[in-house]
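Peer 1: Shown below is the structure under consideration.
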Amino acid sequence: MTDYDVLRVFCGPSGGYGNELGVVREGSLLPGRDDRQALAAKLGFSETVFVDDPERGVIDIYSPASRLPFAGHPCVGTAWLLDVPELVTPAGEVGTRLDGEFTWIEARAEWAPPRTLRQYASAAEVDALEVPPPGEWIYAWAWEDEAAGRVRARAFPGRGDGIDEDEATGAAALLLTDRLGRALNITQGRGSQLLTAPQPHGWVEVGGRVVLER
């Protein structure tokens, strides 16, 4: 088994929750796409990152089922781990910064995979949702406090790959921020926290806490 780190990304204020992420720091040990895909499927995290150049921040991201040009929680987690000014993904160069307990990335909405952003009338409705059948990637959300920009969200990838619900989803948060055009404080899943802020010229920042689990 190739060595890898496990991070939790977008942790809550107490350091709990967050979405697990596998990071293979020495991507050169597993250069083939088929081998990377097989390892990502075996590990079973919502995403696994292979670091191809730690100094330049060149990374390759896989879900259990496919290669992803860009994804939010893998970029936030890897930015924290590598502490580099940018990450180089197939979608483009992702700016990064560390600010106190939060790690931030800056990316563009068009880099995010398609998501259905489905608004509900209340946070209680989002909490009560059952996992839908596979087929559509749904980001269910509702205002907890619209004036304060506080959002309750849950994410259902619908890929049929064993990840029925995604605990914290940076790309979907980016898309929602781009659509609403305002900064958001999102509670997702069981208690993960994501902060976002729109930036000039179509960029969006997404930030969260990261811890090294093992």
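Simple scheme: letters A, B, ... for chains in structure tokens order, numbers from 1 for residues in each chain, numbers from 1 for ligands in the order shown.
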Please identify all polymer residues within 7 Å of Trp137 of chain A, counting only C-alpha atoms, omitting same-chain residues fewer than 2 positions from it, and present them as a list in words.

Peer 2: Arg115, Thr116, Gly135, Tyr139, Phe156, Pro157 and Gly158 of chain A

Peer 1: Could the residues in this selection be saved with N, CA and C atoms as a PDB file, in the first residue's frame?

Peer 2:
ATOM      1  N   ARG A 115     -23.364  20.928 -10.567  1.00  0.00           N
ATOM      2  CA  ARG A 115     -24.106  20.573  -9.365  1.00  0.00           C
ATOM      3  C   ARG A 115     -25.518  21.136  -9.486  1.00  0.00           C
ATOM      4  N   THR A 116     -26.484  20.415  -8.960  1.00  0.00           N
ATOM      5  CA  THR A 116     -27.830  20.961  -8.836  1.00  0.00           C
ATOM      6  C   THR A 116     -27.931  21.634  -7.477  1.00  0.00           C
ATOM      7  N   GLY A 135     -27.812   9.417  -9.476  1.00  0.00           N
ATOM      8  CA  GLY A 135     -28.124   9.986 -10.777  1.00  0.00           C
ATOM      9  C   GLY A 135     -27.874  11.466 -10.888  1.00  0.00           C
ATOM     10  N   TYR A 139     -26.902  19.619  -4.250  1.00  0.00           N
ATOM     11  CA  TYR A 139     -26.486  20.408  -3.092  1.00  0.00           C
ATOM     12  C   TYR A 139     -27.737  21.062  -2.535  1.00  0.00           C
ATOM     13  N   PHE A 156     -25.347  15.521  -1.795  1.00  0.00           N
ATOM     14  CA  PHE A 156     -25.600  14.140  -2.200  1.00  0.00           C
ATOM     15  C   PHE A 156     -24.998  13.916  -3.583  1.00  0.00           C
ATOM     16  N   PRO A 157     -23.815  13.294  -3.670  1.00  0.00           N
ATOM     17  CA  PRO A 157     -23.127  13.166  -4.961  1.00  0.00           C
ATOM     18  C   PRO A 157     -23.881  12.352  -6.004  1.00  0.00           C
ATOM     19  N   GLY A 158     -24.650  11.351  -5.584  1.00  0.00           N
ATOM     20  CA  GLY A 158     -25.442  10.592  -6.542  1.00  0.00           C
ATOM     21  C   GLY A 158     -24.649   9.800  -7.551  1.00  0.00           C
TER      22      GLY A 158
END

Peer 1: Identify, on the basis of only C-alpha atoms, every residue whose closest approach to Leu212 of chain A does not exceed 9 Å; exclude the query and any residue fewer than 5 positions from it along the same chain; express the result as a ChimeraX atom specification.

Peer 2: /A:5-9,81

Peer 1: Quick check, in Å to one decimal: how far apart do atom CA of Ile59 of chain A and atom CA of Ser28 of chain A lie?

Peer 2: 11.0 Å

Peer 1: List as a VMD selection string the protein and nucleic acid residues near segment 44-52 of chain A, meaning an atom at most 10 Å away when only C-alpha atoms are counted, but skip any in the same chain fewer than 2 places from it.

Peer 2: chain A and resid 4 to 6 19 to 31 36 to 42 54 to 68 71 to 75 77 to 78 82 87 to 88 157 161 to 169

Peer 1: Using only C-alpha atoms, determine which residues lie at most 10 Å from Asp99 of chain A, disregarding the query and same-chain residues fewer than 4 positions distant; provide the list as an NGL selection string.

Peer 2: :A and (103-104 or 207-208)

Peer 1: I need the residue nearest Gly149 of chain A from this list: A:Ala121, A:Val126, A:Ile105, A:Leu195. Use only C-alpha atoms for the distance.

Peer 2: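 Once distances to Gly149 of chain A are computed over only C-alpha atoms, the minimum belongs to A:Leu195.
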
Peer 1: Can you work out which one of A:Val94, A:Ala124, A:Leu117, A:Leu176 has the shortest atom-to-atom distance to Ile138 of chain A, counting only C-alpha atoms?

Peer 2: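 Checking each candidate against Ile138 of chain A, we get A:Leu117 as the closest.
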
Peer 1: Would you pick out the contacts of His201 of chain A at 10 Å or less, using only C-alpha atoms, so that residues sharing its chain but fewer than 3 positions from it are not included, and give the list as a PyMOL selection string?

Peer 2: chain A and resi 108+198+204

Peer 1: Pull N, CA, C and O atoms from the residues just selected and write them as a compact mmCIF listing (two decimals), in the first residue's frame.

Peer 2:
# COMPACT_ATOMS: atom_id res chain seq x y z
N ARG A 108 -12.36 29.52 -9.58
CA ARG A 108 -13.43 30.04 -10.42
C ARG A 108 -14.59 29.05 -10.48
O ARG A 108 -14.39 27.84 -10.50
N PRO A 198 -17.02 36.12 -2.42
CA PRO A 198 -16.78 36.44 -3.82
C PRO A 198 -15.66 37.47 -3.95
O PRO A 198 -15.50 38.34 -3.10
N VAL A 204 -13.70 33.28 -6.54
CA VAL A 204 -14.37 33.05 -5.26
C VAL A 204 -13.37 32.42 -4.29
O VAL A 204 -12.63 31.50 -4.67

Peer 1: Work out how far atom CA of Val210 of chain A is from atom CA of Glu106 of chain A, in Å to one decimal.

Peer 2: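 Separation of atom CA of Glu106 of chain A and atom CA of Val210 of chain A: 16.3 Å.
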
Peer 1: Let's see if you can do this: from backbone DSSP, list all strand (DSSP E) residues in segment 91-149 of chain A, as a count of residues only.

Peer 2: 26

Peer 1: Which residue out of A:Arg179, A:Arg190, A:Arg150, A:Arg159 has the minimum interatomic distance to Glu110 of chain A when only C-alpha atoms are used?

Peer 2: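 When distances to Glu110 of chain A are compared using only C-alpha atoms, the smallest one comes from A:Arg179.
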
Peer 1: So how many Å separate atom CA of Gly181 of chain A and atom CA of Trp143 of chain A, to one decimal?

Peer 2: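 Going from atom CA of Gly181 of chain A over to atom CA of Trp143 of chain A, I get 14.5 Å.
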
Peer 1: I'd like to know which residues of segment 26-169 of chain A are alpha helix (DSSP H) (by DSSP, run on the backbone); could you write them as an NGL selection string?

Peer 2: :A and (33-43 or 72-82 or 123-127)

Peer 1: Leaving out Cys11 of chain A and any residue of its chain fewer than 3 positions from it, which residues lie within 8 Å of it when counting only C-alpha atoms, given as number ranges by chain?

Peer 2: A: 8, 14-19, 191-193, 208-211

Peer 1: Produce a file of the selected residues containing C-alpha atoms, as a short mmCIF file (atom, residue, chain, number, x, y, z; two decimals), in the first residue's frame.

Peer 2:
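Below you can see result.cif, which holds the result:
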data_model
loop_
_atom_site.label_atom_id
_atom_site.label_comp_id
_atom_site.auth_asym_id
_atom_site.auth_seq_id
_atom_site.Cartn_x
_atom_site.Cartn_y
_atom_site.Cartn_z
CA ARG A 8 -10.13 16.37 7.81
CA SER A 14 -14.22 22.70 17.96
CA GLY A 15 -12.07 20.83 15.43
CA GLY A 16 -14.59 18.05 14.89
CA TYR A 17 -16.35 16.89 11.77
CA GLY A 18 -14.82 17.87 8.41
CA ASN A 19 -14.49 15.78 5.26
CA GLY A 191 -21.27 19.96 11.59
CA SER A 192 -18.59 21.02 9.11
CA GLN A 193 -18.02 24.75 8.49
CA GLY A 208 -11.95 26.19 6.32
CA ARG A 209 -10.10 24.52 9.15
CA VAL A 210 -7.89 21.50 8.46
CA VAL A 211 -6.51 18.89 10.86
#
